[in-house]
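Peer 1: First the structure, which I've put down as structure tokens, then a few questions once you've had a look.
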Protein chains: 6
Amino acid sequence: MKVVCFGEMMLRLSPVGYERFIQAGSFGATYSGAEANVAVSCANYGLDASFVTKMPKNDIAQAGINGIRALGVDTSNIVRGGERLGIYFAEKGASQRGSKVIYDRKYSSIAAAEPSDFDWDKIFDGADWFHWTGITPALSDNAAAITLDACKAAKKKGITVSCDLNFRKNLWSSEKAGQVMGELCKYVDVCIANEEDAEKVFGITSDGTDTETGKLNYDGYKDCAKQLADRFGMKYVAFTLRTSISAFDNDWAAMLYDGKDCYFSKTYHLHIVDRIGGGDSFGGGLIYALSSGKAPQDAIEFAVAASALKHSIEGDFNLVSLDEVNNLLKTGGSGRVQR
Amino acid sequence: MKVVCFGEMMLRLSPVGYERFIQAGSFGATYSGAEANVAVSCANYGLDASFVTKMPKNDIAQAGINGIRALGVDTSNIVRGGERLGIYFAEKGASQRGSKVIYDRKYSSIAAAEPSDFDWDKIFDGADWFHWTGITPALSDNAAAITLDACKAAKKKGITVSCDLNFRKNLWSSEKAGQVMGELCKYVDVCIANEEDAEKVFGITSDGTDTETGKLNYDGYKDCAKQLADRFGMKYVAFTLRTSISAFDNDWAAMLYDGKDCYFSKTYHLHIVDRIGGGDSFGGGLIYALSSGKAPQDAIEFAVAASALKHSIEGDFNLVSLDEVNNLLKTGGSGRVQR
Amino acid sequence: MKVVCFGEMMLRLSPVGYERFIQAGSFGATYSGAEANVAVSCANYGLDASFVTKMPKNDIAQAGINGIRALGVDTSNIVRGGERLGIYFAEKGASQRGSKVIYDRKYSSIAAAEPSDFDWDKIFDGADWFHWTGITPALSDNAAAITLDACKAAKKKGITVSCDLNFRKNLWSSEKAGQVMGELCKYVDVCIANEEDAEKVFGITSDGTDTETGKLNYDGYKDCAKQLADRFGMKYVAFTLRTSISAFDNDWAAMLYDGKDCYFSKTYHLHIVDRIGGGDSFGGGLIYALSSGKAPQDAIEFAVAASALKHSIEGDFNLVSLDEVNNLLKTGGSGRVQR
Amino acid sequence: MKVVCFGEMMLRLSPVGYERFIQAGSFGATYSGAEANVAVSCANYGLDASFVTKMPKNDIAQAGINGIRALGVDTSNIVRGGERLGIYFAEKGASQRGSKVIYDRKYSSIAAAEPSDFDWDKIFDGADWFHWTGITPALSDNAAAITLDACKAAKKKGITVSCDLNFRKNLWSSEKAGQVMGELCKYVDVCIANEEDAEKVFGITSDGTDTETGKLNYDGYKDCAKQLADRFGMKYVAFTLRTSISAFDNDWAAMLYDGKDCYFSKTYHLHIVDRIGGGDSFGGGLIYALSSGKAPQDAIEFAVAASALKHSIEGDFNLVSLDEVNNLLKTGGSGRVQR
Amino acid sequence: MKVVCFGEMMLRLSPVGYERFIQAGSFGATYSGAEANVAVSCANYGLDASFVTKMPKNDIAQAGINGIRALGVDTSNIVRGGERLGIYFAEKGASQRGSKVIYDRKYSSIAAAEPSDFDWDKIFDGADWFHWTGITPALSDNAAAITLDACKAAKKKGITVSCDLNFRKNLWSSEKAGQVMGELCKYVDVCIANEEDAEKVFGITSDGTDTETGKLNYDGYKDCAKQLADRFGMKYVAFTLRTSISAFDNDWAAMLYDGKDCYFSKTYHLHIVDRIGGGDSFGGGLIYALSSGKAPQDAIEFAVAASALKHSIEGDFNLVSLDEVNNLLKTGGSGRVQR
Amino acid sequence: MKVVCFGEMMLRLSPVGYERFIQAGSFGATYSGAEANVAVSCANYGLDASFVTKMPKNDIAQAGINGIRALGVDTSNIVRGGERLGIYFAEKGASQRGSKVIYDRKYSSIAAAEPSDFDWDKIFDGADWFHWTGITPALSDNAAAITLDACKAAKKKGITVSCDLNFRKNLWSSEKAGQVMGELCKYVDVCIANEEDAEKVFGITSDGTDTETGKLNYDGYKDCAKQLADRFGMKYVAFTLRTSISAFDNDWAAMLYDGKDCYFSKTYHLHIVDRIGGGDSFGGGLIYALSSGKAPQDAIEFAVAASALKHSIEGDFNLVSLDEVNNLLKTGGSGRVQR
């Protein structure tokens, strides 16, 4: 199974521990991005994963490439050039203080890339699955055009297409997002979202949903998922269900709609080490689960277990093995020492 | 609004993470003190804050001055001279193990300062508020005399005076404290305390109060506050209400008495990153809230929210902005990522 | 009171914070081992503790010796020689992700030691107590033979012998363990175990016990302890009772059987900093409590309080003083700052 | 003496020690820029230093402001707004391996600033000296226009203007630089340069100069300086004279031309800790020396001694006091312990 | 050009900076080995490099694999299994104190590997060059047999074989080395050595050589190289020439003998950051230089420049690009900042 | 051979690497003192070393005790009590910038100790050598009185007494020093000094000596040594001879006068890692060398070699073994890797 992921990889700079930005004397440096995170997850589970992007020709970008190459992701389709690597600063929250992210991703090589930079026919050679997220077309009109090229090329080759809506309000407006994503989602077979995405991008809501308080509305999810699937002809729609109790404590679960029924996963109470990349690790788990033929209930349990583990890991990448996810599914997560 | 804070600034040396003193191969170095912490809070909320003390003429003291100057506190009234900067070692507790503090603050420049070191008339030029805590007069008889000078000068200029009782049993006895503070508190308009302070300094108790078990006795607080206010003619008395469940888990709330009624805040469940400075951040929040004309209920909610956030921050300083406190008041603290 | 502990000391290598092995750019280096941990606990409480092992003649082993010598453990009976120091890598778990240990302890100096390396008559000169654990005889046939020599020598001198069963499935099989430990336990006066040890080593079970789910079965413990005590003529059998809720949250208690009655301790809810060495710190606490003549209920409370504190401390050693354990027994562990 | 410095402040990210970019797991974070460095030097020597720039409204920029505010630089004239803070990555060289800098400073707030952002009349109120470098006008046409505005306003108020040519080939071409700087240098009283700058910006050379080999040509310097001074009517031209033996070993000296004579300083053999900011520290030293009325020989010795010390200090800022520079001038730098 | 390197990869544990082993509270963790180092150098210069070894199936070994995979080395031929990864501890020397290495590499997976673990015919598919060092056959008789298998398979396919004698006295005796290497060297086309290796392995000396004092004897080298080449029919023999002045200061040069003439390189004065891997980086440079058709003088200059740069880099890997080596060849290494 | 050392142990706080005090975000924490350093050296060479002082009863002091106990120094004669542990801050110099020390040692437990705290008869039981330095009597009149008690007790028991003059101008004046040391030196058999000490304490000079420039005056040393020996009836006078070229580069040698002849050692060129404790390591080496019966030339060479190595080691303690010193004496210090 070969999975191609397309998007941006950035340098993530994080203060040590729970220091605030204005205290930080040094930043931990990792490299990540929503789609690269999914590629790493897929590689961890033994899939052939390839990450596609455009990055500048300098050592900082090279360090990022090395980072995912170390984890077994194919980087041979990464185009080198352009002006800069996107950067984001991530301050870890604690207790009542939420995490904070400062983006410095404008003018990045991938945002400024041209459609002619990518030869999708060649990139998709031998591929079975194509994954992208709503962040990529939000980067620039060019990036949206490239995403559309990729979707069309994937469709032509009969490749399954998955998308995580991932609405980012500081990248584009709901109006723009709805318009661009409305076109792109026609090519999507598997859609990952949460209620907020569905509402902000496509105006899809159901009664009783309240994205601000973080209260979960199990009744409304199916309705939202059905609306999404019906509008774009998607085979699967998955919703992640996060309840934020504090920056340290979250409940985490998900739902999978297969066009007919809704399958709700077990809920994990998370005591969080690092929550960035949590949604991406869900995507990676879902791609693995569906592409390996798991039944809907098993698939959603796998994806949630995988992403529950992510919250215990520093950095954006979900550095867990297939065995570890399966072990959690079996033992339920009491966190005993494995000697 | 110009706030003048007077007291000691010390070098705080903390082992990394949860290491004990006897494990520590290095100490994180920050600079703080009860009154400096309040000055930083005030500066963070946009007030003109000035910190007054005496510190030696060496680079270690200079680093401390730079530390609060960085955060916008005026340091031009700090007197340089004397023998040493006070130091304290702070070991972070965990679970059933409490935090531990070793003081090495004797013979510090401020403890040995002379009344003639400070020209209060000049220091208070343009000031609206004067804040000190019970730690300062406890340092030495000279320090107590200087505090009295300052209180008198403030009164003469019509400056509001606030005091946090902050009883420290290793600095002085209850008898000495009661005597000195009894004189000083006559000048105080706004008093911050907890039940333990009220009892240990002034012998003020009410039925059912038990400071050892940490159980909160809502009924008794008003009685204590009233006794305090009546005895010294204070306009406001605020009590912080902490319930220690473990070194990691505390409940945190407060009460404000305005001479007539008691206003109790919301209670926050804190998962603690660093609790030192928690009380000072409450003081800073209260000064901001009262000086900006908030109603009692709003004022106490602001001060508690501000100090709840402090517990999520490394070091003594409450490095939060006005926006962040207001945001917590609005959202209730689920700790979501702010992108 | 002089306590002699015999076993292996290893180099422990731990990634920083919650990093996984494959993220680690550096490893914290500490030195420890089940029996060395007990020796350190005993020294902390003021007993004369001596640690006996064989370690190679190089600076890495020397650093380990220095580590326990720093804490007041006598190291003059450590034999130097052989090829290598055992190493183990310990990755800290979080939330649903359990801690992980990779052992690299084969071919260590102690595993390859000869009975003639140790002169037990001289080592036990003036000793009152001898402690070993089931890990030591599991290292090699030679190590088992040396342990037997030591037990016999101790018995001859009227020294109390304690043993923590400490079954490690990657060192030997249940069959081999049962056979070797069956012989050695005849010399044991005080036995420390948990239900899993009792079952895996001696096949001792009682109805309703389920070691996988982590549920505690108070009724069955007494039955197990009685079986153990009766089979080997032990005076005391102590069981630690751990309930793993997550890698961060455990409940912790214990039980002491004195040949007649069972004494259950208070249960502590632990929020864990480092759980490795938790069982050893229980052993050290129990040796102190029994050897200083505490009554059974007091003894088991002391041992549990001591080991509850261990979970709040980085590294394997339980770096707490007698005062701190007694303080916890008195205050119940709300974790307040000790100024 | 009040000095106003205008330019860009950036976030500098440096791998630990001598790690290369592709090895770096974390970056030390400091904030600096050619003109901010000069402002810090001036503040260290007791001058009133003010730094003027435009920076975005986020916590990363705030940390930079705090950094120089800590050192006593006035930041009240910094305009907040725009998109991003410039960043540069600095890898420290060693032996034969040169240091390496990757700039990511395009689209910064200051590069995109508008002339209307700055009210020079107000900024220069009470000022005696204005300093800028050739980096500022190289950032953008707008930045060049703002620099011109500032020069004119300074001239009108009779303020001394100094400029460090600081040619950066990756910011603009020699042609563009020559044209823009040719206009701006008409306002300059004190010019700091090296041979390479003089040639690359203004095409000024003298026989025997070879900027590639690093060999010093004492005879040609005076000629270059005279050409520069004559062309633009400058009062002083200073040349720094660096001989790179390796990344660790440099010889460092300078020359001052006062329109009549050339004064050469003593040469220091430097064993380098961090050479970035070396030139800026020379500028700061020269401004202090000339503005405090030192004779040419004394002035150039002071500036060279100050900047020799900079090479022993981590980060861009020259964290030395007046006493320390004077002490080096007196003792010659044997580096004895100062107890 | 595809290069296959065969040998051991170990975990290297290094105290921070210049700390001694007995001071170390943590160890920096890198992964390396003589032949892996060569593979990394080759990949850096753009060759297809593949590293072959046997490593255990655990996360520590995986981290090592990830480490070279990050740098573009093919790891698909690494066999997984066996008991342990070799470890070495490396303490950095300073001034008169030499660096110190403690090996803990016995019983490693590669030392215990079986010839049947490796299918050389498949491994060498498409390969042009095979590199191994004298460390590999020294690990065990099995490892020597596997090396012989590899040499024979390489010869059969017409692949160039290079070997670095790399005598390690703690792995085998001169006698054993002479016997085993005598057989293996018959397959070697390019031999890398120094005078000490030549003498200790093959008893080859020339008058005036004194390996203890570190004095270089230019006259004797050619004689030694000729003897080596003649005895085994090698096409090239390269000698590295190191003069140790102190742990910080070395002179570094080399010589290449092409069966007819001796080509001596320029000598670099090194101020050392990390000298481990210096010889390996010479090997990698020489393989690149010879395989890309450089003339002898150019080849030896390239290899020496490449390895001079290695001494400025932390860790065993020579993290330099082709451009950087060529730049040093052109500019001679004055270490100027590259902006 | 049992050596008793008496003096102060302090907490040393050092910024990371070459950071200045005002940059330091953390301080490395080590524990040391002139006499403790000598005790550690003696223990390293296999002597029975005991350190005597008074330290407060807190965990910071305990960490210091653990630090030397780890290295095998007997700490059973350390008196616990008093108010505080002395602290000193040490900033590492570089190139032209000298190291900087800020003392905060006033009011320490040892400075405030009473003669009755120490039972010298018991402390000296079985001792052969007593070492103290001129820092101890400079701490306070009490400390001087205790030192005198100790000298008298040692003399009575026939114990050899050594003293390092160690003049510290910030502890006392030359007048006071001369008076107190004049009395104490009557008991001294072996005196360690440098020219500056001899002049500042006893006004002993010889023509041509210039302590400011650091130039060595071989002719004058013998004269000084003879004057010292003659005045106090000392058997040996040793002078350390340091030439400071820069903070990084020193020449280091020494001279021993045996009442008749002067023996000059080899000179080492040091590239310094940490020079604090250099003189103490000379003292430790000399005590070992003389007490083990080495001839004067051998003794001075040993002491100089030992202390040359110290300059390559972080912290005050000279963490070298006898083998390493002997190896340096044999090989001359080319700093080769010891595998």
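Letters A, B, ... go to the chains of the structure tokens in the order shown; residues in each chain start at 1; ligands are counted from 1 in the same order.
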Return as a ChimeraX atom specification the residues belonging to chain F that are within 10 Å of chain B, counting only C-alpha atoms.
Peer 2: /F:13-16,20-30,58-67,83-86,89,102-107
Peer 1: Could you give me, as a list in words, the residues within 7 Å of Leu241 (chain E), counting only C-alpha atoms and dropping anything in the same chain fewer than 5 positions from it?
Peer 2: Asn194, Trp252, Ala253 and Ala254 of chain E
Peer 1: Run DSSP on the backbone and give me the residues of region 29-103 of chain E it puts in alpha helix (DSSP H), as a list in words.
Peer 2: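 Residues meeting the alpha helix (DSSP H) criterion: Ala34, Glu35, Ala36, Asn37, Val38, Ala39, Val40, Ser41, Cys42, Ala43, Asn44, Asp59, Ile60, Ala61, Gln62, Ala63, Gly64, Ile65, Asn66, Gly67, Ile68, Arg69 and Ala70 of chain E.
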Peer 1: Would you please extract all strand (DSSP E) residues from region 44-263 of chain B, as assigned by DSSP on the backbone, and give them as number ranges by chain?
Peer 2: B: 48-52, 54-55, 79-80, 87-91, 100-104, 129-133, 160-164, 190-193, 236-244, 249-257, 262-263
Peer 1: So which residues touch region 262-266 of chain B within 8 Å, counting only C-alpha atoms, skipping near sequence neighbours fewer than 5 positions away, as a short mmCIF file (atom, residue, chain, number, x, y, z; two decimals) with N, CA and C atoms, in the first residue's frame?
Peer 2:
data_model
loop_
_atom_site.label_atom_id
_atom_site.label_comp_id
_atom_site.auth_asym_id
_atom_site.auth_seq_id
_atom_site.Cartn_x
_atom_site.Cartn_y
_atom_site.Cartn_z
N LYS B 222 -15.98 35.42 56.16
CA LYS B 222 -16.53 36.77 56.24
C LYS B 222 -16.28 37.37 57.62
N ALA B 253 -9.64 29.62 44.83
CA ALA B 253 -10.73 30.59 44.76
C ALA B 253 -10.36 31.76 45.66
N ALA B 254 -11.24 32.76 45.80
CA ALA B 254 -10.97 33.89 46.69
C ALA B 254 -12.26 34.60 47.04
N MET B 255 -12.14 35.47 47.97
CA MET B 255 -13.29 36.21 48.49
C MET B 255 -12.88 37.67 48.67
N LEU B 256 -13.79 38.58 48.36
CA LEU B 256 -13.52 40.00 48.59
C LEU B 256 -14.61 40.58 49.49
N TYR B 257 -14.17 41.24 50.53
CA TYR B 257 -15.09 41.90 51.47
C TYR B 257 -14.93 43.40 51.30
N PRO B 296 -16.99 44.84 42.87
CA PRO B 296 -16.37 43.81 43.70
C PRO B 296 -16.40 42.40 43.10
N GLN B 297 -17.55 41.95 42.60
CA GLN B 297 -17.61 40.59 42.07
C GLN B 297 -16.67 40.44 40.86
N ILE B 300 -12.92 40.41 42.07
CA ILE B 300 -12.42 39.17 42.65
C ILE B 300 -12.32 38.07 41.59
N GLU B 301 -13.23 38.07 40.62
CA GLU B 301 -13.13 37.08 39.54
C GLU B 301 -11.87 37.32 38.72
N VAL B 304 -8.75 36.19 40.71
CA VAL B 304 -8.65 34.74 40.80
C VAL B 304 -8.28 34.12 39.46
#
Peer 1: Which residues, written as a list in words, have at least one atom at most 7 Å from region 125-138 of chain F, with only C-alpha atoms counted and residues fewer than 4 positions away on the same chain left out?
Peer 2: Met1, Lys2, Val3, Val4, Cys5, Phe6, Gly7, Glu8, Glu35, Asp121, Ala143, Ala144, Thr147, Ala154, Ile159, Thr160, Val161, Ser162, Cys163, Asp164, Leu165, Asn166, Phe167, Arg168, Leu171 and Trp172 of chain F
Peer 1: Between CA of Ala43 (chain A) and CA of Glu324 (chain A), what is the distance, to one decimal in Å?
Peer 2: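 Taking CA of Ala43 (chain A) and CA of Glu324 (chain A), their separation equals 14.3 Å.
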Peer 1: Please indicate the distance in Å from CA of Leu319 (chain A) to CA of Arg69 (chain A), rounded to one decimal place.
Peer 2: 13.6 Å
Peer 1: Quick one: residues within 12 Å of Tyr268 (chain C), only C-alpha atoms, excluding same-chain residues fewer than 5 positions away - as a list in words?
Peer 2: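 Those residues are Ser95, Gln96, Arg97, Ile245 and Ser246 of chain B; Leu241, Arg242, Thr243, Asp249, Asn250, Asp251, Trp252, Ala253, Ala254, Glu301, Val304, Ala305, Ala306, Ser307, Ala308, Leu309, His311, Leu328, Leu329, Gly332, Gly333 and Ser334 of chain C.
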Peer 1: Quote the spacing between CA of Phe202 (chain D) and CA of Phe124 (chain D) in Å to one decimal place.
Peer 2: 29.0 Å
Peer 1: Tell me, as a ChimeraX atom specification, which residues lie within 9 Å of Tyr45 (chain A), counting only C-alpha atoms; anything in the same chain fewer than 6 positions away does not count.
Peer 2: /A:284-285,288,320-323
Peer 1: Limited to N, CA and C atoms, could you put the picked residues into a file as a PDB file, in the first residue's frame?
Peer 2:
ATOM      1  N   GLY A 284      -3.846   9.390  10.070  1.00  0.00           N
ATOM      2  CA  GLY A 284      -2.921   8.320   9.704  1.00  0.00           C
ATOM      3  C   GLY A 284      -3.454   6.968  10.136  1.00  0.00           C
ATOM      4  N   GLY A 285      -4.029   6.930  11.321  1.00  0.00           N
ATOM      5  CA  GLY A 285      -4.576   5.661  11.805  1.00  0.00           C
ATOM      6  C   GLY A 285      -5.764   5.212  10.963  1.00  0.00           C
ATOM      7  N   TYR A 288      -4.602   3.845   7.602  1.00  0.00           N
ATOM      8  CA  TYR A 288      -4.083   2.482   7.757  1.00  0.00           C
ATOM      9  C   TYR A 288      -5.228   1.496   7.935  1.00  0.00           C
ATOM     10  N   VAL A 320       4.590   5.869  17.203  1.00  0.00           N
ATOM     11  CA  VAL A 320       4.179   4.592  17.784  1.00  0.00           C
ATOM     12  C   VAL A 320       4.159   3.534  16.693  1.00  0.00           C
ATOM     13  N   SER A 321       4.327   2.318  17.119  1.00  0.00           N
ATOM     14  CA  SER A 321       4.316   1.206  16.178  1.00  0.00           C
ATOM     15  C   SER A 321       2.936   0.572  16.143  1.00  0.00           C
ATOM     16  N   LEU A 322       2.714  -0.246  15.145  1.00  0.00           N
ATOM     17  CA  LEU A 322       1.484  -1.010  15.000  1.00  0.00           C
ATOM     18  C   LEU A 322       1.242  -1.827  16.267  1.00  0.00           C
ATOM     19  N   ASP A 323       2.295  -2.474  16.758  1.00  0.00           N
ATOM     20  CA  ASP A 323       2.166  -3.294  17.962  1.00  0.00           C
ATOM     21  C   ASP A 323       1.659  -2.474  19.135  1.00  0.00           C
TER      22      ASP A 323
END
